[in-house]
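Visitor: Below you'll find the structure I mean.
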Amino acid sequence: MPMVPAGTAQAPSLLTAHDVYLFREGTHSRLYEKLGAHFCTVDGAAGVQFAVWAPNAARVSVIGDFNGWAKDAHPCAPRADHSGIWECFIPGVQQGDVYKFHIQSRHHGYAVDKADPFAVYAELAPRTGSRVWPLDYAWGDQDWMARRRSTNALDAPISVYEVHLGSWRRVPEEGQRFLSYREIAPLLAEHVQALGFTHVELLPVMEHPFYGSWGYQTTGYFAPTARYGTPQDFMYLIDYLHQAGIGVILDWVPSHFPTDAHGLAYFDGTHLFEHADPRQGFHPEWSSAIFNYGRNEVRAFLLSSALFWLEHYHVDGLRVDAVASMLYLDYARTEGEWIPNHYGGRENLQAIDFLRQLNTAAYREHPDIQTYAEESTAWPMVSRPVAAGGLGFGLKWNMGWMHDTLRYFQRDPLYRRHHHGQISFSIWYAFSENFILPLSHDEVVHGKGALIGKMPGDEWQQFANLRLLYGAMWAHPGKKLLFMGGEFGQRREWQHEESLEWHVLQYPLHAGVQRWVSDLNRCQRAQPALHAQDFVHEGFAWVDFHDAEASVLSFLRRGREAQDLVLVVCNFTPVPRAHYRVGVPSAGYWQELLNSDAAEYGGSGMGNGGGAHTQDVAAHGYAQSLSLLLPPLSALYLKPVSG
């Protein structure tokens, strides 16, 4: 590569005084347009303008392919406004050139080569340089973008397929290599369409040095990982999914970051992005650094990262990871290992302010998206508007439902009658937040085993239990999320170094689970009762939650219109129950929409012949009732078709 002449031209700064004011205030949400590396022309010379925030540096220079990594070839100049931003223009730098910032600190003689915090593309790990790269792309998803407000709406049938791109599918003939963003696009779109999911959620694609972190140890907050291709390749994947009618949610990690030497940690010889005191700045659970949400410039950095993915990559939502670790100063700490807030409490007031600022900005700039909080505690009003005192998220993961439900299903059905409240309890708080029900990657790793392995009984009962779990989940108020592999009952615990066990689909029980998930998703879309009122009491009514002895639950889901009604009856034991009486609010024929015990799903084929007529027998407070056959370990969905 030709060497760019030494010396640095003085170029007009991309930053205005107003930019600097907003940056210092912590409200700048488009810093990616100003900091980092940007192509421009100065005095007829094409090159790149570089800018980096390093307020405690004594000297900053740009090193890279274009100058032989010489630390003195292209020095940057500090801005005169004391913002701590260093800038320089280097002519002749081209697309794909690798670079870093060489930073010499004012403190302790510290010197380091740092990747660009605002880089949009990085070298392929384990290399750690940043690449100069444009973000030009001809999008073809205009129809999707015009209609996505209704698809992302809280009353829409949202069903999310959670995916780790590196292990969804690989190429065994070529040493188990990753699929590229472009290779995976048609395969993933076809699979998601066939299953009827409305969205995919991608485990973090932001650049991360350690593949085994699954992306949750982020170093490149503006760069999709180079493991699967270029930024344009990632845009192609999102564009392809959008044109297939599939929304895209990205995991985003503002809660902590790794301490790799090339990353954000100890950036300019000081704890610039993180707290200096380890009681605030070090995460004991993940051995990582914690952002200083009280520093305005750090908030602007994170705010810009979130808005960047919404703007440049057309994503339909951000799932914010580890929100609980942000909210509590004593998270994963014992007494004496944390510093109370100025009121003496454990709440991280600065993080709370940031989360509210984040959601306010995201919905202001992109009102047709959603933000999702992975929040595992009883923190109130996570998914309530900021103006009402909430955190402002669109939806919150319902971790309580997940833990209670999985504990219940792991019990031998013989003993479930003693724990009946565990499967019904979630309804009592189901409408306190806008919940999404997750069966996520966290439940199938670290020795927890696959979902099918949690189910008790012989092989047939395990699969019947799994189908029943999904049937109860899709009927429960709230949106749905299922991690890849769960849709066909993968037996092996998820391994990020291997592809999913696609070969098991040749076996009827596995294929039956996949057909069941597909039909659940289609029923959810077709029946407003199963999605239109997920977050209000009017969308749900118990028929009977008292029958612990038989381990049976029955309830109604309601849409906004009177005719939008679905009766759900779940039998949590392997004992078939004939002539089981269930009260219903209207007379006539109730069609059996779904039966998890149907033969095509791998069940025994028991059922009600497609439906049942009501009888003039009062039950459960209703004048009419149905006499049903409840198959073993089954979920039944019925709908009135005449009255």
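The chains in the structure tokens are called A, B, ... from first to last as shown; in each chain the residues are counted from 1, and the ligands are counted from 1 in the order shown.
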Would you mind listing what lies within 12 Å of Ala618 (chain A) as a list in words, with only C-alpha atoms counted and same-chain residues fewer than 2 positions away left out?
Guide: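 Residues near the query, excluding close chain neighbours: Arg581, Val582, Gly583, Val584, Pro585, Ser586, Ala587, Thr614, Gln615, Asp616, His620, Gly621, Tyr622, Ala623, Gln624, Ser625, Leu626 and Ser627 of chain A.
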Visitor: If you count only C-alpha atoms, which residues fall within 9 Å of His476 (chain A), apart from same-chain ones fewer than 5 positions away, as a list in words?
Guide: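 Final neighbour list, sorted by chain and number: Ile427, Ala430, Leu437, Gly471, Leu530, Asp534, Phe540 and Arg557 of chain A.
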Visitor: Using DSSP secondary structure from the backbone, list all strand (DSSP E or B) positions within region 59-171 of chain A, as a PyMOL selection string.
Guide: chain A and resi 59-64+75+77-78+85-91+98-105+111-114+122+130-131+159-163+170-171
Visitor: For Ala332 (chain A), which residue out of A:Pro284, A:Pro385, A:Gly215, A:Pro254 is the nearest one, using only C-alpha atoms?
Guide: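 Closest to Ala332 (chain A) of all the choices is A:Pro284.
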Visitor: Using only C-alpha atoms, can you tell me which of A:Ala324, A:Ala156, A:Leu329, A:Ala265 comes closest to Gln527 (chain A)?
Guide: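 Going through A:Ala324, A:Ala156, A:Leu329, A:Ala265 one by one, the smallest distance to Gln527 (chain A) is for A:Ala156.
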Visitor: Find the spatial neighbours of Ala115 (chain A), counting only C-alpha atoms, within a cut-off of 7 Å - ignore same-chain residues fewer than 3 positions away - and output them as an MDAnalysis selection string.
Guide: chainID A and resid 100:101 128:130 262:263
Visitor: Using only C-alpha atoms, which residues sit within 10 Å of Leu593 (chain A) once same-chain residues fewer than 3 positions away are excluded, as a ChimeraX atom specification?
Guide: /A:519-520,523,527,566-568,590,610-611,636-640
Visitor: Pull all heavy atoms from the residues just selected and write them as a tab-separated table (two decimals), in the first residue's frame.
Guide:
chain	number	residue	atom	x	y	z
A	519	ASP	N	-47.93	-23.45	13.91
A	519	ASP	CA	-49.38	-23.26	14.02
A	519	ASP	C	-49.74	-22.32	15.17
A	519	ASP	O	-50.72	-21.57	15.08
A	519	ASP	CB	-50.07	-24.61	14.18
A	519	ASP	CG	-50.11	-25.41	12.88
A	519	ASP	OD1	-49.76	-24.83	11.83
A	519	ASP	OD2	-50.49	-26.59	12.91
A	520	LEU	N	-48.98	-22.34	16.24
A	520	LEU	CA	-49.22	-21.39	17.33
A	520	LEU	C	-49.03	-19.96	16.84
A	520	LEU	O	-49.83	-19.06	17.14
A	520	LEU	CB	-48.27	-21.67	18.50
A	520	LEU	CG	-48.61	-22.86	19.40
A	520	LEU	CD1	-47.45	-23.16	20.34
A	520	LEU	CD2	-49.89	-22.59	20.20
A	523	CYS	N	-51.92	-19.02	14.58
A	523	CYS	CA	-53.13	-18.79	15.36
A	523	CYS	C	-53.04	-17.45	16.10
A	523	CYS	O	-54.03	-16.71	16.16
A	523	CYS	CB	-53.33	-19.93	16.35
A	523	CYS	SG	-54.91	-19.90	17.21
A	527	GLN	N	-55.93	-14.65	15.38
A	527	GLN	CA	-56.92	-14.43	16.44
A	527	GLN	C	-56.59	-13.17	17.24
A	527	GLN	O	-55.66	-13.18	18.05
A	527	GLN	CB	-56.98	-15.65	17.37
A	527	GLN	CG	-57.32	-16.96	16.70
A	527	GLN	CD	-58.71	-16.92	16.05
A	527	GLN	OE1	-59.62	-16.28	16.55
A	527	GLN	NE2	-58.85	-17.64	14.94
A	566	VAL	N	-61.23	-16.58	22.65
A	566	VAL	CA	-60.60	-17.90	22.58
A	566	VAL	C	-60.60	-18.51	23.98
A	566	VAL	O	-60.18	-17.86	24.95
A	566	VAL	CB	-59.16	-17.83	22.04
A	566	VAL	CG1	-58.46	-19.19	22.17
A	566	VAL	CG2	-59.16	-17.40	20.57
A	567	LEU	N	-61.10	-19.74	24.09
A	567	LEU	CA	-61.06	-20.51	25.32
A	567	LEU	C	-59.81	-21.38	25.30
A	567	LEU	O	-59.54	-22.06	24.31
A	567	LEU	CB	-62.30	-21.39	25.45
A	567	LEU	CG	-62.29	-22.44	26.56
A	567	LEU	CD1	-62.34	-21.78	27.94
A	567	LEU	CD2	-63.45	-23.42	26.38
A	568	VAL	N	-59.06	-21.36	26.40
A	568	VAL	CA	-57.85	-22.18	26.51
A	568	VAL	C	-58.00	-23.11	27.71
A	568	VAL	O	-58.34	-22.66	28.81
A	568	VAL	CB	-56.60	-21.29	26.69
A	568	VAL	CG1	-55.35	-22.16	26.80
A	568	VAL	CG2	-56.47	-20.30	25.54
A	590	TRP	N	-68.35	-24.53	19.61
A	590	TRP	CA	-67.00	-24.02	19.85
A	590	TRP	C	-66.02	-24.87	19.06
A	590	TRP	O	-65.86	-26.07	19.33
A	590	TRP	CB	-66.67	-24.04	21.34
A	590	TRP	CG	-67.40	-22.95	22.10
A	590	TRP	CD1	-68.74	-22.82	22.30
A	590	TRP	CD2	-66.78	-21.83	22.74
A	590	TRP	NE1	-69.02	-21.69	23.02
A	590	TRP	CE2	-67.83	-21.06	23.32
A	590	TRP	CE3	-65.48	-21.38	22.92
A	590	TRP	CZ2	-67.60	-19.88	24.02
A	590	TRP	CZ3	-65.23	-20.22	23.63
A	590	TRP	CH2	-66.28	-19.48	24.17
A	610	GLY	N	-62.95	-31.91	16.41
A	610	GLY	CA	-62.99	-30.60	15.76
A	610	GLY	C	-63.73	-29.54	16.55
A	610	GLY	O	-63.71	-28.37	16.17
A	611	GLY	N	-64.41	-29.93	17.64
A	611	GLY	CA	-65.12	-28.94	18.44
A	611	GLY	C	-66.20	-29.57	19.29
A	611	GLY	O	-66.31	-30.81	19.37
A	636	LEU	N	-55.60	-27.02	24.69
A	636	LEU	CA	-56.67	-26.87	23.71
A	636	LEU	C	-57.03	-25.41	23.57
A	636	LEU	O	-57.14	-24.68	24.56
A	636	LEU	CB	-57.92	-27.64	24.15
A	636	LEU	CG	-57.83	-29.14	24.39
A	636	LEU	CD1	-59.19	-29.67	24.85
A	636	LEU	CD2	-57.37	-29.86	23.13
A	637	TYR	N	-57.19	-24.95	22.33
A	637	TYR	CA	-57.71	-23.62	22.03
A	637	TYR	C	-59.05	-23.82	21.31
A	637	TYR	O	-59.11	-24.54	20.30
A	637	TYR	CB	-56.79	-22.85	21.09
A	637	TYR	CG	-55.44	-22.42	21.62
A	637	TYR	CD1	-54.87	-22.97	22.76
A	637	TYR	CD2	-54.72	-21.43	20.95
A	637	TYR	CE1	-53.63	-22.56	23.22
A	637	TYR	CE2	-53.48	-21.01	21.39
A	637	TYR	CZ	-52.93	-21.58	22.52
A	637	TYR	OH	-51.69	-21.18	22.97
A	638	LEU	N	-60.12	-23.18	21.81
A	638	LEU	CA	-61.43	-23.28	21.17
A	638	LEU	C	-62.01	-21.89	20.97
A	638	LEU	O	-61.76	-20.97	21.77
A	638	LEU	CB	-62.39	-24.12	22.02
A	638	LEU	CG	-62.00	-25.58	22.24
A	638	LEU	CD1	-61.41	-25.75	23.63
A	638	LEU	CD2	-63.18	-26.51	22.02
A	639	LYS	N	-62.80	-21.76	19.92
A	639	LYS	CA	-63.38	-20.46	19.57
A	639	LYS	C	-64.85	-20.63	19.21
A	639	LYS	O	-65.20	-21.56	18.47
A	639	LYS	CB	-62.63	-19.85	18.37
A	639	LYS	CG	-63.16	-18.51	17.88
A	639	LYS	CD	-62.38	-18.04	16.66
A	639	LYS	CE	-62.96	-16.76	16.09
A	639	LYS	NZ	-62.89	-15.62	17.03
A	640	PRO	N	-65.73	-19.75	19.72
A	640	PRO	CA	-67.14	-19.86	19.33
A	640	PRO	C	-67.34	-19.43	17.88
A	640	PRO	O	-66.82	-18.40	17.44
A	640	PRO	CB	-67.84	-18.88	20.29
A	640	PRO	CG	-66.79	-17.88	20.65
A	640	PRO	CD	-65.50	-18.62	20.65
Visitor: List as CSV every residue of region 304-349 of chain A that is in contact with region 220-225 of chain A, defined as an atom at most 8 Å from one of its atoms (using only C-alpha atoms), together with the nearest atom pair and the distance in Å rounded to one decimal, sorted by chain and then rising number.
Guide:
residue,atom,partner,partner_atom,distance
A:Ser305,CA,A:Tyr221,CA,5.9
A:Phe308,CA,A:Phe222,CA,7.1
A:Trp309,CA,A:Phe222,CA,7.6
Visitor: Could you save the residues just selected, with all heavy atoms, as a compact mmCIF listing (two decimals), in the first residue's frame?
Guide:
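So the final result, stored in result-v8.txt, reads:
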# COMPACT_ATOMS: atom_id res chain seq x y z
N SER A 305 -24.82 5.69 20.05
CA SER A 305 -24.75 4.30 19.61
C SER A 305 -26.15 3.73 19.38
O SER A 305 -26.43 3.13 18.34
CB SER A 305 -24.01 3.46 20.66
OG SER A 305 -24.10 2.09 20.35
N PHE A 308 -27.74 5.27 16.36
CA PHE A 308 -27.02 4.88 15.15
C PHE A 308 -27.62 3.64 14.52
O PHE A 308 -27.85 3.58 13.31
CB PHE A 308 -25.55 4.64 15.51
CG PHE A 308 -24.72 4.04 14.41
CD1 PHE A 308 -24.22 4.84 13.40
CD2 PHE A 308 -24.41 2.68 14.40
CE1 PHE A 308 -23.43 4.30 12.39
CE2 PHE A 308 -23.63 2.13 13.40
CZ PHE A 308 -23.14 2.94 12.38
N TRP A 309 -27.89 2.62 15.35
CA TRP A 309 -28.43 1.37 14.79
C TRP A 309 -29.86 1.57 14.29
O TRP A 309 -30.26 0.97 13.28
CB TRP A 309 -28.38 0.26 15.84
CG TRP A 309 -26.97 -0.02 16.25
CD1 TRP A 309 -26.32 0.41 17.37
CD2 TRP A 309 -25.99 -0.75 15.49
NE1 TRP A 309 -25.02 -0.01 17.37
CE2 TRP A 309 -24.79 -0.74 16.24
CE3 TRP A 309 -26.03 -1.43 14.28
CZ2 TRP A 309 -23.63 -1.37 15.78
CZ3 TRP A 309 -24.89 -2.07 13.84
CH2 TRP A 309 -23.71 -2.03 14.58
Visitor: Got a sec: who's within 12 Å of region 334-349 of chain A, counting only C-alpha atoms, leaving out chain neighbours fewer than 2 positions off, as a PyMOL selection string?
Guide: chain A and resi 255+275+277-285+290-294+323-332+351-356+379+391
Visitor: Generate a file of the selected residues that holds N, CA and C atoms, formatted as a compact mmCIF listing (two decimals), in the first residue's frame.
Guide:
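again-v7.txt written:
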# COMPACT_ATOMS: atom_id res chain seq x y z
N SER A 255 -24.60 -1.68 29.57
CA SER A 255 -24.44 -1.93 31.00
C SER A 255 -22.98 -2.12 31.41
N HIS A 275 -16.24 4.31 35.71
CA HIS A 275 -15.94 4.85 37.04
C HIS A 275 -14.54 4.42 37.46
N ASP A 277 -13.51 4.24 40.72
CA ASP A 277 -13.64 3.43 41.93
C ASP A 277 -14.22 2.07 41.54
N PRO A 278 -13.51 0.97 41.81
CA PRO A 278 -14.03 -0.35 41.41
C PRO A 278 -15.37 -0.70 42.05
N ARG A 279 -15.73 -0.04 43.14
CA ARG A 279 -17.03 -0.28 43.75
C ARG A 279 -18.16 0.25 42.87
N GLN A 280 -17.81 1.08 41.91
CA GLN A 280 -18.77 1.60 40.94
C GLN A 280 -18.43 1.22 39.50
N GLY A 281 -17.14 1.04 39.22
CA GLY A 281 -16.69 0.89 37.85
C GLY A 281 -16.29 -0.50 37.41
N PHE A 282 -16.31 -1.47 38.34
CA PHE A 282 -15.94 -2.84 37.97
C PHE A 282 -17.10 -3.77 38.25
N HIS A 283 -17.43 -4.60 37.25
CA HIS A 283 -18.55 -5.52 37.39
C HIS A 283 -18.03 -6.87 37.87
N PRO A 284 -18.32 -7.26 39.13
CA PRO A 284 -17.75 -8.50 39.65
C PRO A 284 -18.27 -9.76 38.99
N GLU A 285 -19.47 -9.71 38.42
CA GLU A 285 -20.05 -10.91 37.82
C GLU A 285 -19.44 -11.22 36.46
N ILE A 290 -17.84 -0.79 34.08
CA ILE A 290 -19.19 -0.24 34.10
C ILE A 290 -19.14 1.22 33.66
N PHE A 291 -19.98 1.58 32.72
CA PHE A 291 -20.02 2.95 32.22
C PHE A 291 -20.33 3.93 33.35
N ASN A 292 -19.73 5.12 33.25
CA ASN A 292 -20.02 6.20 34.18
C ASN A 292 -21.17 7.03 33.60
N TYR A 293 -22.39 6.69 34.01
CA TYR A 293 -23.57 7.35 33.45
C TYR A 293 -23.71 8.79 33.95
N GLY A 294 -22.90 9.16 34.93
CA GLY A 294 -22.92 10.53 35.41
C GLY A 294 -22.07 11.47 34.58
N VAL A 323 -30.45 -4.71 32.34
CA VAL A 323 -30.94 -3.44 32.89
C VAL A 323 -30.87 -3.45 34.42
N ALA A 324 -31.14 -4.59 35.04
CA ALA A 324 -31.10 -4.66 36.50
C ALA A 324 -29.72 -4.28 37.03
N SER A 325 -28.66 -4.68 36.32
CA SER A 325 -27.31 -4.36 36.78
C SER A 325 -27.04 -2.87 36.69
N MET A 326 -27.79 -2.17 35.85
CA MET A 326 -27.65 -0.72 35.74
C MET A 326 -28.43 0.00 36.84
N LEU A 327 -29.56 -0.57 37.24
CA LEU A 327 -30.47 0.13 38.15
C LEU A 327 -30.00 0.09 39.60
N TYR A 328 -29.24 -0.96 39.96
CA TYR A 328 -28.90 -1.17 41.37
C TYR A 328 -27.39 -1.03 41.58
N LEU A 329 -27.01 -0.15 42.49
CA LEU A 329 -25.60 0.04 42.81
C LEU A 329 -24.99 -1.18 43.49
N ASP A 330 -25.81 -1.98 44.16
CA ASP A 330 -25.31 -3.16 44.87
C ASP A 330 -25.50 -4.45 44.07
N TYR A 331 -25.77 -4.33 42.79
CA TYR A 331 -26.00 -5.53 41.97
C TYR A 331 -24.76 -6.42 42.00
N ALA A 332 -24.94 -7.69 42.37
CA ALA A 332 -23.87 -8.69 42.43
C ALA A 332 -22.76 -8.28 43.40
N ALA A 351 -27.90 6.14 36.23
CA ALA A 351 -28.30 5.15 35.22
C ALA A 351 -29.79 5.28 34.92
N ILE A 352 -30.60 5.53 35.93
CA ILE A 352 -32.04 5.72 35.73
C ILE A 352 -32.28 6.90 34.80
N ASP A 353 -31.60 8.00 35.07
CA ASP A 353 -31.74 9.18 34.20
C ASP A 353 -31.33 8.86 32.77
N PHE A 354 -30.24 8.09 32.61
CA PHE A 354 -29.80 7.74 31.26
C PHE A 354 -30.83 6.89 30.53
N LEU A 355 -31.37 5.88 31.20
CA LEU A 355 -32.35 5.01 30.55
C LEU A 355 -33.58 5.80 30.12
N ARG A 356 -34.01 6.73 30.94
CA ARG A 356 -35.14 7.58 30.55
C ARG A 356 -34.77 8.47 29.37
N TRP A 379 -38.53 -3.96 39.82
CA TRP A 379 -38.47 -2.50 39.62
C TRP A 379 -39.77 -2.03 38.96
N LEU A 391 -39.59 4.15 33.27
CA LEU A 391 -38.30 4.16 32.57
C LEU A 391 -38.45 4.38 31.08
Visitor: Using only C-alpha atoms, which residues of region 322-429 of chain A come within 12 Å of region 630-635 of chain A, and what is the closest atom pair for each, with the distance in Å to one decimal? Give it as a Markdown table, sorted by chain and residue number.
Guide:
| residue | atom | partner | partner_atom | distance |
| --- | --- | --- | --- | --- |
| A:Phe409 | CA | A:Leu633 | CA | 10.8 |
| A:Asp412 | CA | A:Leu633 | CA | 11.8 |
| A:Pro413 | CA | A:Leu633 | CA | 9.0 |
| A:Leu414 | CA | A:Leu633 | CA | 11.9 |
| A:Arg416 | CA | A:Leu633 | CA | 11.9 |
Visitor: Next, dump the selected residues to file, keeping only all heavy atoms, as a PDB file, in the first residue's frame.
Guide:
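That gives us selection39.pdb:
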ATOM      1  N   PHE A 409     -42.796 -26.919  35.181  1.00  0.00           N
ATOM      2  CA  PHE A 409     -42.737 -27.971  34.162  1.00  0.00           C
ATOM      3  C   PHE A 409     -41.672 -29.012  34.469  1.00  0.00           C
ATOM      4  O   PHE A 409     -41.763 -30.155  33.995  1.00  0.00           O
ATOM      5  CB  PHE A 409     -42.521 -27.353  32.779  1.00  0.00           C
ATOM      6  CG  PHE A 409     -43.797 -27.067  32.053  1.00  0.00           C
ATOM      7  CD1 PHE A 409     -44.451 -25.863  32.232  1.00  0.00           C
ATOM      8  CD2 PHE A 409     -44.369 -28.009  31.226  1.00  0.00           C
ATOM      9  CE1 PHE A 409     -45.646 -25.598  31.590  1.00  0.00           C
ATOM     10  CE2 PHE A 409     -45.564 -27.767  30.568  1.00  0.00           C
ATOM     11  CZ  PHE A 409     -46.210 -26.554  30.751  1.00  0.00           C
ATOM     12  N   ASP A 412     -42.363 -33.607  38.251  1.00  0.00           N
ATOM     13  CA  ASP A 412     -43.134 -34.783  37.833  1.00  0.00           C
ATOM     14  C   ASP A 412     -44.618 -34.403  37.898  1.00  0.00           C
ATOM     15  O   ASP A 412     -45.085 -33.851  38.896  1.00  0.00           O
ATOM     16  CB  ASP A 412     -42.846 -35.940  38.775  1.00  0.00           C
ATOM     17  CG  ASP A 412     -43.459 -37.246  38.304  1.00  0.00           C
ATOM     18  OD1 ASP A 412     -44.674 -37.265  38.005  1.00  0.00           O
ATOM     19  OD2 ASP A 412     -42.731 -38.253  38.267  1.00  0.00           O
ATOM     20  N   PRO A 413     -45.386 -34.685  36.839  1.00  0.00           N
ATOM     21  CA  PRO A 413     -46.811 -34.328  36.841  1.00  0.00           C
ATOM     22  C   PRO A 413     -47.581 -34.862  38.043  1.00  0.00           C
ATOM     23  O   PRO A 413     -48.588 -34.276  38.443  1.00  0.00           O
ATOM     24  CB  PRO A 413     -47.325 -34.942  35.536  1.00  0.00           C
ATOM     25  CG  PRO A 413     -46.136 -34.957  34.639  1.00  0.00           C
ATOM     26  CD  PRO A 413     -44.966 -35.228  35.530  1.00  0.00           C
ATOM     27  N   LEU A 414     -47.091 -35.930  38.642  1.00  0.00           N
ATOM     28  CA  LEU A 414     -47.757 -36.488  39.813  1.00  0.00           C
ATOM     29  C   LEU A 414     -47.811 -35.476  40.959  1.00  0.00           C
ATOM     30  O   LEU A 414     -48.760 -35.479  41.758  1.00  0.00           O
ATOM     31  CB  LEU A 414     -47.024 -37.758  40.259  1.00  0.00           C
ATOM     32  CG  LEU A 414     -47.576 -38.478  41.497  1.00  0.00           C
ATOM     33  CD1 LEU A 414     -48.980 -39.011  41.205  1.00  0.00           C
ATOM     34  CD2 LEU A 414     -46.638 -39.606  41.914  1.00  0.00           C
ATOM     35  N   ARG A 416     -47.530 -32.019  40.516  1.00  0.00           N
ATOM     36  CA  ARG A 416     -47.878 -30.668  40.099  1.00  0.00           C
ATOM     37  C   ARG A 416     -49.092 -30.119  40.844  1.00  0.00           C
ATOM     38  O   ARG A 416     -49.216 -28.906  41.018  1.00  0.00           O
ATOM     39  CB  ARG A 416     -48.113 -30.639  38.577  1.00  0.00           C
ATOM     40  CG  ARG A 416     -46.832 -30.748  37.776  1.00  0.00           C
ATOM     41  CD  ARG A 416     -47.058 -30.800  36.271  1.00  0.00           C
ATOM     42  NE  ARG A 416     -45.772 -30.875  35.570  1.00  0.00           N
ATOM     43  CZ  ARG A 416     -45.640 -31.068  34.260  1.00  0.00           C
ATOM     44  NH1 ARG A 416     -46.734 -31.246  33.505  1.00  0.00           N
ATOM     45  NH2 ARG A 416     -44.440 -31.117  33.719  1.00  0.00           N
TER      46      ARG A 416
END
Visitor: For Gly140 (chain A), find every residue with an atom within 12 Å (counting only C-alpha atoms), except residues of its own chain fewer than 2 positions away, and show them as a list of chain:residue names.
Guide: A:Tyr137, A:Ala138, A:Gln142, A:Asp143, A:Trp144, A:Met145, A:Ala146, A:Met235, A:Tyr236, A:Leu237, A:Ile238, A:Asp239, A:Tyr240, A:Leu241, A:His242, A:Gln243, A:Ala244, A:His314
Visitor: Please identify all polymer residues within 12 Å of Leu135 (chain A), counting only C-alpha atoms, omitting same-chain residues fewer than 5 positions from it, and present them as a PyMOL selection string.
Guide: chain A and resi 32-33+37-39+95+119-121+222-224+230-236+308-309+311-313
Visitor: Could you tell me how far CA of Gly269 (chain A) lies from CA of Arg295 (chain A), in Å and to one decimal?
Guide: 16.5 Å
